[in-house]
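Here's query.cif, which has mmCIF, C-alpha atoms:
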```cif
data_model
#
loop_
_atom_site.label_atom_id
_atom_site.label_comp_id
_atom_site.auth_asym_id
_atom_site.auth_seq_id
_atom_site.Cartn_x
_atom_site.Cartn_y
_atom_site.Cartn_z
CA MET A 1 2.54 -21.99 -1.27
CA SER A 2 1.26 -19.03 0.68
CA LEU A 3 2.36 -15.42 0.79
CA TRP A 4 4.05 -16.03 4.12
CA GLU A 5 5.65 -19.32 3.16
CA ARG A 6 7.13 -17.67 0.11
CA GLY A 7 8.36 -14.68 2.01
CA LEU A 8 6.58 -12.26 -0.28
CA ARG A 9 7.95 -8.78 0.16
CA PRO A 10 5.48 -6.43 1.90
CA LEU A 11 4.11 -3.33 0.25
CA PRO A 12 6.22 -0.23 0.95
CA VAL A 13 3.77 1.31 3.40
CA LEU A 14 2.39 -0.79 6.25
CA THR A 15 -0.69 -0.04 8.33
CA PRO A 16 -3.25 -1.96 10.36
CA PHE A 17 -5.18 -2.08 7.06
CA SER A 18 -2.45 -4.05 5.27
CA VAL A 19 -3.20 -7.66 4.47
CA GLU A 20 -0.24 -8.57 6.66
CA ALA A 21 -2.21 -7.00 9.52
CA LEU A 22 -5.99 -6.78 9.87
CA GLY A 23 -6.64 -5.97 6.22
CA ILE A 24 -8.62 -8.98 5.09
CA PHE A 25 -10.75 -8.88 8.23
CA LEU A 26 -11.40 -5.15 7.87
CA ILE A 27 -12.26 -5.45 4.19
CA GLY A 28 -14.62 -8.28 5.01
CA GLN A 29 -16.30 -6.17 7.66
CA GLY A 30 -16.65 -3.16 5.36
CA PHE A 31 -14.05 -1.12 7.19
CA ASN A 32 -11.36 -0.91 4.57
CA LEU A 33 -8.95 1.99 4.28
CA SER A 34 -11.14 4.02 1.94
CA ALA A 35 -13.95 3.89 4.52
CA ALA A 36 -11.87 5.82 7.04
CA GLY A 37 -13.10 9.17 8.33
CA SER A 38 -12.11 11.60 11.03
CA GLY A 39 -12.70 10.51 14.61
CA ALA A 40 -11.44 11.62 18.01
CA TYR A 41 -8.92 9.49 19.82
CA PRO A 42 -11.05 7.49 22.24
CA VAL A 43 -9.09 7.60 25.51
CA ALA A 44 -6.12 9.74 26.46
CA SER A 45 -2.82 7.89 26.86
CA ARG A 46 -4.27 4.58 25.71
CA LEU A 47 -1.82 2.57 23.65
CA PHE A 48 -3.44 0.63 20.81
CA LEU A 49 -1.54 -2.31 19.34
CA TYR A 50 -2.40 -3.90 16.01
CA PRO A 51 -0.73 -7.17 14.98
CA LEU A 52 1.24 -7.38 11.76
CA VAL A 53 2.95 -10.48 10.41
CA LEU A 54 5.97 -9.66 8.29
CA PRO A 55 6.83 -12.27 5.68
CA ARG A 56 10.25 -10.71 5.23
CA ARG A 57 12.72 -8.44 6.90
CA TYR A 58 11.52 -4.86 6.63
CA VAL A 59 13.44 -1.68 7.29
CA ALA A 60 11.22 1.17 8.43
CA ALA A 61 12.39 4.66 7.50
CA SER A 62 9.52 6.59 9.06
CA TYR A 63 6.61 6.37 11.42
CA TRP A 64 3.53 8.22 10.18
CA TRP A 65 -0.13 8.90 10.82
CA LEU A 66 -3.04 10.62 9.10
CA ASN A 67 -4.52 13.49 11.11
CA GLY A 68 -8.24 14.13 11.05
CA ALA A 69 -10.39 17.25 11.10
CA ALA A 70 -8.93 18.58 14.37
CA VAL A 71 -5.51 18.31 15.90
CA GLY A 72 -4.31 18.63 19.46
CA GLY A 73 -1.74 17.45 21.95
CA ASN A 74 0.88 14.86 21.18
CA VAL A 75 1.17 11.58 19.34
CA ASP A 76 3.55 8.65 19.59
CA VAL A 77 3.77 5.77 17.13
CA ALA A 78 5.78 2.67 17.92
CA VAL A 79 6.59 -0.85 16.84
CA TYR A 80 6.67 -3.72 19.32
CA ASP A 81 7.94 -7.26 18.96
CA ARG A 82 5.80 -10.32 19.62
CA LEU A 83 6.68 -10.21 23.31
CA LEU A 84 5.54 -6.60 23.39
CA ASN A 85 8.97 -5.11 23.82
CA ARG A 86 9.25 -1.78 22.06
CA LEU A 87 11.56 -1.94 19.07
CA GLY A 88 11.34 1.75 18.24
CA HIS A 89 9.06 4.74 18.47
CA ALA A 90 8.64 8.24 17.18
CA GLY A 91 8.62 9.81 20.62
CA SER A 92 6.11 12.40 21.76
CA THR A 93 5.33 14.57 18.74
CA ALA A 94 3.00 17.56 18.60
CA GLN A 95 0.12 16.78 16.27
CA ALA A 96 0.07 19.29 13.43
CA GLY A 97 -1.74 19.63 10.12
CA ILE A 98 -5.46 19.09 9.72
CA SER A 99 -6.23 16.14 7.45
CA ALA A 100 -2.53 15.82 6.74
CA LEU A 101 -0.04 13.02 6.93
CA GLN A 102 2.61 13.48 9.57
CA ALA A 103 5.83 11.52 9.57
CA VAL A 104 8.72 11.11 11.97
CA SER A 105 11.99 9.43 11.11
CA ALA A 106 12.49 5.90 12.32
CA GLY A 107 16.14 5.94 11.34
CA SER A 108 16.49 2.52 9.80
CA LEU A 109 14.44 0.39 12.13
CA VAL A 110 15.02 -3.24 11.20
CA LEU A 111 12.03 -5.51 11.68
CA ASP A 112 12.65 -9.22 11.36
CA PRO A 113 10.08 -11.57 9.81
CA GLY A 114 7.30 -12.64 12.10
CA LEU A 115 4.78 -11.03 14.38
CA VAL A 116 5.17 -7.39 15.39
CA TYR A 117 2.67 -4.83 16.62
CA LEU A 118 2.04 -1.36 15.27
CA GLY A 119 1.30 0.88 18.22
CA ILE A 120 -0.15 4.35 18.61
CA THR A 121 -0.87 6.45 21.68
CA VAL A 122 -2.09 10.01 22.12
CA ASP A 123 -2.09 12.17 25.26
CA ASN A 124 -5.57 13.65 24.78
CA THR A 125 -8.97 13.10 23.20
CA THR A 126 -9.10 16.33 21.20
CA ALA A 127 -6.81 14.88 18.58
CA THR A 128 -8.56 13.25 15.65
CA PHE A 129 -7.32 10.76 13.10
CA PHE A 130 -8.68 9.16 10.00
CA ARG A 131 -9.94 5.88 11.33
CA THR A 132 -12.52 3.17 10.89
CA ALA A 133 -14.70 1.91 13.70
CA PRO A 134 -15.28 -1.81 13.41
CA THR A 135 -16.65 -3.71 16.39
CA ALA A 136 -14.02 -3.73 19.12
CA GLY A 137 -14.53 -7.42 19.82
CA GLY A 138 -13.98 -8.18 16.19
CA ILE A 139 -10.64 -6.42 16.11
CA ALA A 140 -9.70 -7.99 19.43
CA SER A 141 -10.47 -11.40 17.99
CA ARG A 142 -7.78 -10.70 15.40
CA GLY A 143 -5.23 -9.95 18.08
CA ALA A 144 -5.48 -6.19 18.66
CA LEU A 145 -4.51 -5.06 22.14
CA LEU A 146 -4.53 -2.01 24.38
CA LEU A 147 -2.58 -0.73 27.34
CA ALA A 148 -3.91 2.09 29.52
CA SER A 149 -1.87 5.00 30.88
CA SER A 150 0.80 4.66 28.25
CA PHE A 151 2.02 7.90 26.84
CA PRO A 152 4.59 8.02 25.38
CA ALA A 153 4.76 4.44 24.17
CA PRO A 154 6.43 2.49 26.98
CA SER A 155 9.46 0.26 26.54
CA SER A 156 7.30 -2.74 27.39
CA ALA A 157 3.60 -3.27 26.76
CA ALA A 158 3.60 -6.67 28.41
CA GLY A 159 0.49 -5.86 30.44
CA ALA A 160 -1.64 -5.23 27.35
CA SER A 161 -5.07 -6.79 27.11
CA ALA A 162 -7.69 -7.26 24.43
CA LEU A 163 -8.68 -4.07 22.67
CA THR A 164 -12.05 -2.63 23.73
CA SER A 165 -12.28 0.49 21.55
CA ALA A 166 -13.83 0.46 18.09
CA TYR A 167 -10.94 2.38 16.61
CA VAL A 168 -8.46 1.56 13.87
CA PRO A 169 -6.50 4.68 12.91
CA VAL A 170 -4.66 5.18 9.64
CA PHE A 171 -1.03 5.08 10.70
CA GLY A 172 2.00 2.90 10.35
CA VAL A 173 5.50 2.76 8.98
CA THR A 174 7.06 3.18 5.57
CA GLU A 175 10.31 1.96 4.13
CA ARG A 176 10.47 4.90 1.72
CA SER A 177 11.89 8.38 2.09
CA PHE A 178 8.47 9.83 1.22
CA LEU A 179 4.87 8.86 1.58
CA MET B 1 -3.62 -18.39 2.85
CA GLY B 2 -3.27 -17.26 -0.74
CA PHE B 3 -4.72 -14.46 -2.75
CA TRP B 4 -4.77 -16.23 -6.03
CA PRO B 5 -7.85 -18.15 -7.07
CA GLN B 6 -5.83 -21.07 -8.34
CA ARG B 7 -2.63 -22.84 -7.54
CA PRO B 8 0.30 -22.13 -9.86
CA GLU B 9 0.07 -25.41 -11.70
CA GLN B 10 -3.52 -24.57 -12.55
CA VAL B 11 -2.66 -21.24 -14.13
CA SER B 12 0.43 -22.48 -15.91
CA GLY B 13 0.29 -21.47 -19.53
CA GLU B 14 -2.87 -19.46 -19.02
CA LEU B 15 -3.15 -15.76 -19.54
CA LEU B 16 -4.00 -13.56 -16.60
CA TYR B 17 -4.44 -9.83 -16.28
CA LEU B 18 -3.15 -8.24 -13.12
CA THR B 19 -3.95 -4.69 -12.10
CA PRO B 20 -3.30 -2.40 -9.16
CA PHE B 21 -6.90 -2.97 -8.13
CA GLY B 22 -6.24 -6.56 -7.14
CA PRO B 23 -4.79 -8.16 -4.02
CA GLU B 24 -1.41 -7.70 -5.65
CA GLY B 25 -1.88 -3.95 -5.41
CA VAL B 26 -3.87 -1.49 -3.35
CA PHE B 27 -6.30 -4.13 -2.11
CA GLY B 28 -3.29 -5.62 -0.35
CA ALA B 29 -2.96 -2.31 1.45
CA GLY B 30 -6.54 -2.60 2.62
CA LEU B 31 -7.79 -0.03 0.14
CA VAL B 32 -10.97 -0.81 -1.74
CA PRO B 33 -11.34 2.00 -4.27
CA GLY B 34 -14.71 3.08 -5.53
CA GLY B 35 -16.27 2.44 -8.89
CA MET B 36 -14.37 2.86 -12.11
CA GLY B 37 -15.07 5.39 -14.84
CA ALA B 38 -13.26 7.33 -17.53
CA GLY B 39 -11.34 10.38 -16.39
CA ALA B 40 -8.85 12.69 -18.07
CA TRP B 41 -5.21 11.89 -17.38
CA VAL B 42 -3.93 13.85 -14.39
CA ALA B 43 -1.27 15.96 -16.13
CA ALA B 44 0.66 15.80 -19.36
CA ASN B 45 3.84 13.75 -19.02
CA LYS B 46 3.05 12.74 -15.47
CA ALA B 47 3.72 9.15 -14.43
CA LEU B 48 1.75 7.34 -11.76
CA TYR B 49 3.35 4.44 -9.88
CA VAL B 50 1.42 1.75 -8.04
CA PRO B 51 3.16 -0.91 -5.93
CA VAL B 52 2.40 -4.56 -6.59
CA ARG B 53 3.80 -7.91 -5.53
CA PHE B 54 2.98 -11.27 -6.92
CA GLU B 55 2.50 -14.46 -5.02
CA HIS B 56 3.96 -16.66 -7.72
CA PRO B 57 6.72 -16.19 -10.27
CA LEU B 58 5.24 -14.71 -13.39
CA ARG B 59 6.26 -13.94 -16.92
CA VAL B 60 4.99 -10.60 -18.19
CA THR B 61 4.49 -10.52 -21.92
CA ARG B 62 2.37 -7.43 -22.41
CA LEU B 63 1.27 -4.40 -20.48
CA PHE B 64 -2.12 -2.82 -20.86
CA VAL B 65 -4.16 0.24 -20.07
CA HIS B 66 -7.93 0.41 -19.86
CA ASN B 67 -8.71 3.31 -22.16
CA GLY B 68 -11.59 5.69 -21.94
CA THR B 69 -11.06 7.80 -25.02
CA PRO B 70 -7.39 7.60 -25.91
CA SER B 71 -5.41 10.46 -27.34
CA GLY B 72 -1.75 11.08 -27.90
CA ASN B 73 0.71 8.57 -26.49
CA VAL B 74 1.07 6.33 -23.49
CA ASP B 75 4.05 4.61 -21.91
CA LEU B 76 3.61 1.64 -19.58
CA GLY B 77 6.36 0.15 -17.49
CA VAL B 78 7.53 -1.92 -14.55
CA TYR B 79 10.04 -0.73 -11.94
CA ASP B 80 11.79 -2.53 -9.13
CA ARG B 81 11.65 -1.30 -5.53
CA THR B 82 14.76 0.79 -6.03
CA TRP B 83 12.95 2.59 -8.84
CA ARG B 84 14.99 1.08 -11.62
CA ARG B 85 12.98 0.54 -14.77
CA LEU B 86 12.87 -3.15 -15.67
CA ALA B 87 10.81 -2.85 -18.82
CA HIS B 88 8.52 -0.46 -20.62
CA THR B 89 6.54 -0.33 -23.78
CA GLY B 90 7.96 2.98 -24.93
CA SER B 91 5.81 5.73 -26.33
CA THR B 92 2.79 4.11 -27.93
CA ALA B 93 -0.12 5.81 -29.66
CA GLY B 94 -3.30 5.40 -27.66
CA SER B 95 -5.96 3.44 -29.48
CA GLY B 96 -9.22 1.70 -28.80
CA SER B 97 -11.94 3.55 -26.95
CA SER B 98 -13.32 1.91 -23.83
CA ALA B 99 -11.06 -1.05 -24.43
CA LEU B 100 -7.99 -2.71 -22.99
CA GLN B 101 -5.06 -1.58 -25.07
CA LEU B 102 -2.42 -4.29 -24.91
CA VAL B 103 1.16 -3.43 -25.78
CA ALA B 104 3.80 -6.11 -26.13
CA LEU B 105 7.12 -5.81 -24.37
CA GLY B 106 10.23 -6.24 -26.43
CA ALA B 107 11.14 -9.26 -24.36
CA PRO B 108 9.29 -11.20 -21.64
CA LEU B 109 9.90 -9.95 -18.12
CA ASP B 110 10.08 -12.48 -15.30
CA LEU B 111 8.90 -11.31 -11.89
CA ASP B 112 9.05 -13.06 -8.52
CA GLY B 113 7.87 -12.34 -4.99
CA GLU B 114 9.60 -8.98 -4.85
CA LEU B 115 7.96 -5.57 -4.68
CA TYR B 116 7.48 -3.83 -8.02
CA TYR B 117 5.88 -0.65 -9.23
CA LEU B 118 3.63 -0.58 -12.27
CA ALA B 119 3.94 2.72 -14.09
CA CYS B 120 1.67 4.56 -16.49
CA ALA B 121 2.30 7.91 -18.18
CA TRP B 122 0.46 9.82 -20.89
CA ASP B 123 1.83 12.78 -22.79
CA ASN B 124 -1.42 14.77 -22.68
CA THR B 125 -4.59 15.39 -20.70
CA THR B 126 -7.03 14.85 -23.52
CA ALA B 127 -6.73 11.11 -23.11
CA THR B 128 -9.16 9.57 -20.66
CA VAL B 129 -8.48 6.37 -18.79
CA ASN B 130 -10.77 4.18 -16.77
CA ARG B 131 -9.86 4.96 -13.22
CA SER B 132 -11.15 5.06 -9.70
CA ASN B 133 -11.47 8.53 -8.26
CA VAL B 134 -10.11 8.29 -4.71
CA SER B 135 -11.37 11.36 -2.88
CA THR B 136 -8.80 11.25 -0.09
CA VAL B 137 -5.39 11.26 -1.74
CA ALA B 138 -3.74 10.23 1.52
CA PHE B 139 -5.33 6.81 1.12
CA LEU B 140 -3.33 6.32 -2.07
CA GLN B 141 -0.23 7.47 -0.22
CA ALA B 142 -0.97 4.96 2.50
CA ALA B 143 -1.24 2.32 -0.19
CA GLY B 144 2.21 3.21 -1.47
CA CYS B 145 1.28 5.00 -4.70
CA ALA B 146 3.54 7.75 -6.06
CA GLU B 147 3.88 10.09 -9.00
CA GLU B 148 6.51 11.87 -11.06
CA ALA B 149 6.24 14.97 -13.25
CA SER B 150 8.01 15.24 -16.60
CA ALA B 151 8.24 11.48 -16.83
CA PHE B 152 7.23 10.77 -20.40
CA PRO B 153 8.57 8.56 -21.72
CA LEU B 154 9.14 6.66 -18.51
CA PRO B 155 12.66 7.33 -17.22
CA ALA B 156 15.29 4.65 -16.72
CA THR B 157 15.39 5.58 -13.04
CA ALA B 158 12.28 7.04 -11.47
CA THR B 159 12.45 9.87 -8.97
CA PRO B 160 8.94 9.79 -7.58
CA VAL B 161 7.32 11.94 -4.96
CA ALA B 162 4.15 11.69 -2.90
CA ILE B 163 1.10 11.28 -5.07
CA THR B 164 -1.13 14.35 -5.30
CA ALA B 165 -3.88 13.06 -7.55
CA GLY B 166 -6.72 10.92 -6.26
CA TYR B 167 -6.55 8.91 -9.43
CA LEU B 168 -6.04 5.17 -9.62
CA PRO B 169 -5.88 4.08 -13.27
CA ASN B 170 -6.85 0.64 -14.42
CA PHE B 171 -3.77 -0.69 -16.09
CA GLY B 172 -1.45 -3.58 -15.53
CA CYS B 173 0.24 -6.56 -17.00
CA ALA B 174 -0.75 -9.60 -18.94
CA VAL B 175 1.15 -12.54 -17.50
CA ARG B 176 1.79 -16.19 -17.81
CA GLN B 177 3.13 -18.46 -15.16
CA ALA B 178 6.91 -18.24 -15.40
CA PRO B 179 8.51 -21.43 -16.64
#
```

As structure tokens, how would this structure be written, given the file I've shared?
Amino acid sequence: MSLWERGLRPLPVLTPFSVEALGIFLIGQGFNLSAAGSGAYPVASRLFLYPLVLPRRYVAASYWWLNGAAVGGNVDVAVYDRLLNRLGHAGSTAQAGISALQAVSAGSLVLDPGLVYLGITVDNTTATFFRTAPTAGGIASRGALLLASSFPAPSSAAGASALTSAYVPVFGVTERSFL
Amino acid sequence: MGFWPQRPEQVSGELLYLTPFGPEGVFGAGLVPGGMGAGAWVAANKALYVPVRFEHPLRVTRLFVHNGTPSGNVDLGVYDRTWRRLAHTGSTAGSGSSALQLVALGAPLDLDGELYYLACAWDNTTATVNRSNVSTVAFLQAAGCAEEASAFPLPATATPVAITAGYLPNFGCAVRQAP
């Protein structure tokens, strides 16, 4: 019986690199988490959405992201349901702390089992994040999406289309009170 | 899709060794750590915690650490996701250079598809352990790892904080398929 059939509890910190998301694909392509390095956000106000299948109910305590070698402008991290309705988001947050993790409370955002999307959007291209850069088409083939002109993260991302940027930032949610 | 190489009926009664390096641990967070080598323990009496989850019910009979050159004492344990200690070996003299040191639990510990933390603590920094040196500590944070000072022997309830050492030790549990 598979991980999903059994309802295996997710790891405490979830990212696009988690096996519940693009992890196996990224590992296979050589773009695992430890291969991430600093890279500028590709397009201002572009919302990136990375699919994540939750085997179990998950309660997110914080949104977070890993800043790169330069910071600038504002960041928003969000979670969307399978119909691309926003379930919660950090709200516009000034990026601060070079090469540092930044976290914003998510309250107790309840995510039911099934498909959700981790979303991130930034209002400039000066901001950098730890990220990997696998082929955009490859990520898109695993269900990653984008929506232009979307800062902060909109209440609906229903117009999203296949991702065209080779960019998978290190960000996500955590159920813990610390990272 | 399953992580395990065999179905449960095929591993029934057989001994397996599970470590944080596997799909049960940081690999499941999309982190592929670098090569392994002996390194001095991070700080005397410090505990490191690594999240794991298992795809099948398992019975843990022994815990182990992959020694470099052991010294002093080690304590190995398993915690639940609320940081309650489920089992530990207790303070045990390190022995066996460059070898797996297996320590029996007082009673078998049955684990299911929940999230657990494997814990390892040494009471000195002379001991070396085979570990992966993760240069960006934030990657271990993103994988859900944590640490606790003054945690030898392992406390009944852990009070961990964000990990500050880029140190992923090779340790884990010896298991049999739970009956």

Inset, instruction - Please write as a count of residues only the full residue list that the PyMOL selection byres ((chain B) within 9 of (chain A)) yields on this file. - result: 43

For His88 of chain B, please output as a JSON list (two decimals) with C-alpha atoms, keeping the file's coordinate frame all residues within 7 Å (counting only C-alpha atoms; exclusion window: fewer than 5 positions along the same chain).
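Heads up, here's the output in part08.json:
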```json
[["chain", "number", "residue", "atom", "x", "y", "z"],
["B", 75, "ASP", "CA", 4.05, 4.61, -21.91],
["B", 76, "LEU", "CA", 3.61, 1.64, -19.58],
["B", 77, "GLY", "CA", 6.36, 0.15, -17.49],
["B", 78, "VAL", "CA", 7.53, -1.92, -14.55],
["B", 105, "LEU", "CA", 7.12, -5.81, -24.37]]
```

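Within the 8 Å cut-off around Gly73 of chain A, using all atoms listed in the file and omitting residues fewer than 3 positions from it on the same chain, the listed residues are Ala94, Gln95, Val122, Asp123, Asn124, Thr126 and Ala127 of chain A.
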
Inset, instruction - Compare B:Ala40, B:Ala156, B:Val65, B:Cys120 by their minimum atom-to-atom distance to Ala174 of chain B, counting all atoms listed in the file, and give me the closest one. - result: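 That would be B:Val65, the residue with the smallest distance to Ala174 of chain B.
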
Inset, instruction - Can you work out which one of B:Gly96, B:Asp80, B:Leu102, B:Tyr167 has the shortest atom-to-atom distance to Tyr17 of chain B, counting only C-alpha atoms? - result: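 Result for the nearest residue to Tyr17 of chain B: B:Leu102.
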
Legend entry - Hits of the PyMOL selection byres ((chain B and resi 90) around 12) in this structure, as a PyMOL selection string: chain B and resi 63+73-78+85+87-89+91-94+103-106+119-123+151-156

What are the centre and the three edge lengths of an axis-aligned box that wraps all atoms of segment 126-144 of chain A in the file, given that 8 Å is added to every side, written as AutoDock Vina command-line options and rounded to one decimal in Å?
```
--center_x -10.9 --center_y 2.5 --center_z 15.6 --size_x 27.4 --size_y 43.7 --size_z 27.2
```

Inset, instruction - Tell me which of B:Val42, B:Ala47, B:Met36, B:Val137 sits closest to Tyr117 of chain B, counting all atoms listed in the file. - result: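 Once distances to Tyr117 of chain B are computed over all atoms listed in the file, the minimum belongs to B:Ala47.
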